[in-house]
Amino acid sequence: MYPTLDAFWSALPAIDTHGVFVAVGLAAGGLVFLIEQRRRGVADPRIPALLAGTLLGAAVFSRLGTWAQHLDPRENLALVEQLARGNASILSALVGAWLGLHVAKRLTGYRERTGDLFAPAVAVALAIGRFGCFLTERPGTPTGADWGLVVSPEAAARVGVPPAVPLHPSFLYEIAFHAAAFCVLWLWLRRTRIASGELLTLYIGAYAVFRFWVEFVRGNEAAWIGLTRPQLFLLVTIPLFVARIVWLIAHGRFLERMAPDQANHVLHQQQDIDEGRTVGGAGNG
């Protein structure tokens with residue numbers, strides 16, 4: 001475990017490792033957002049305000065999501081202290097980002113859907129940011145697999161895991177998920193006719209399902225019926241994502257309808273392709 005960069009390599013400065021990777025992830029996500037914004041031709045001057053609202057909501061709720069961990073308020077940190085140095089939660093940050101974005105939309109009067117702009121940006125930001133968690137936090141539960149992660153006795157004592165025991169590298173599982181999701185979003189889904197704004201729904205919904213199962217090897221404390229707090233939260237939110245997608249499909253709104261002239265263009269393209277195959281097949285015969 002490397003809480004500061006100099007612990008990883010002495011030539012690096014003694015600054016918070018987790019914070020550095022979060023910053024790099026946000027920068028990469030911002031770059032992807034700008035690229036996608038330009039590709040889609042979105043030039044509204046209110047976009048920076050939407051980004052500011054999203055980031056502010058994520059920053060605040062990432063801390064608030066882990067505030068009331070104990071039923072006795074005296075066992076929890078004071079609100080100011082929690083916001084300054086409390087544990088952060090990715091799930092709470094995503095909720096806060098959603099709320100912050102919608103508040104910013106309401107304040108600026110922006111009506112367009114923005115999920116397609118944010119989906120690949122969020123995926124790349126989380127893929128990079130999770131490296132900070134991997135290098136500084138509890139890896140996961142013990143595993144008998146040879147590829148399990150073994151931490152030093154000092155690191156084991158610091159994060160509260162058994163020493164010399166292979167552990168699930170749960171954060172690497174998450175990194176792989178977000179990296180794969182980014183590739184699917186960037187190389188395929190953003191070029192399909194999925195309804196405007198729903199790429200983010202698909203991505204976050206898929207992550208919710210993935211995160212529910214990976215929680216079993218994260219090593220987080222069970223809160224009720226053998227499930228962790230994130231899993232209890234996801235038990236409520238996953239059905240909402242599923243219900244939305246089912247509703248969109250049932251009402252024929254999951255895919256955007258093409259305008260008649262666009263549909264004719266696509267039809268003519270397909271006819272040209274079919275004719276080319278026929279001519280090519282005859283020539284080969």
# chains A, B, ... in the order shown; residues from 1 in each chain; ligands from 1

call {"tool": "residues_around", "arguments": {"residues": "stretch 240-257 of chain A", "least_positions_apart": "2", "cutoff": "10 Å", "atoms": "only C-alpha atoms", "output": "number ranges by chain"}}
result
A: 192-196, 198, 201-202, 204-206, 208-209, 234-238, 259-260, 262-263

call {"tool": "select_by_dssp", "arguments": {"residues": "stretch 16-225 of chain A", "states": "strand (DSSP E or B)", "output": "MDAnalysis selection string"}}
result
chainID A and resid 16 142 149 167 194 222:224

call {"tool": "residues_around", "arguments": {"residues": "A:Thr54", "least_positions_apart": "2", "cutoff": "8 Å", "atoms": "only C-alpha atoms", "output": "JSON, numbers by chain"}}
result
{"A": [50, 51, 52, 56, 57, 58, 96, 97, 98, 99, 100, 101, 104]}

call {"tool": "atom_distance", "arguments": {"atom1": "atom CA of A:Val20", "atom2": "atom CA of A:Thr4"}}
result
9.2 Å

call {"tool": "closest_residue", "arguments": {"among": "A:Thr228, A:Ser89, A:Asn220, A:Thr108", "to": "A:Gly140", "atoms": "only C-alpha atoms"}}
result
A:Asn220

call {"tool": "atom_distance", "arguments": {"atom1": "atom CA of A:Arg63", "atom2": "atom CA of A:Ala93"}}
result
7.9 Å

call {"tool": "residues_around", "arguments": {"residues": "stretch 118-132 of chain A", "least_positions_apart": "4", "cutoff": "7 Å", "atoms": "only C-alpha atoms", "output": "PyMOL selection string"}}
result
chain A and resi 17-18+21-22+25-26+28-30+32-33+114+136+171+175+178-179+181-182+185-186+199-200+203
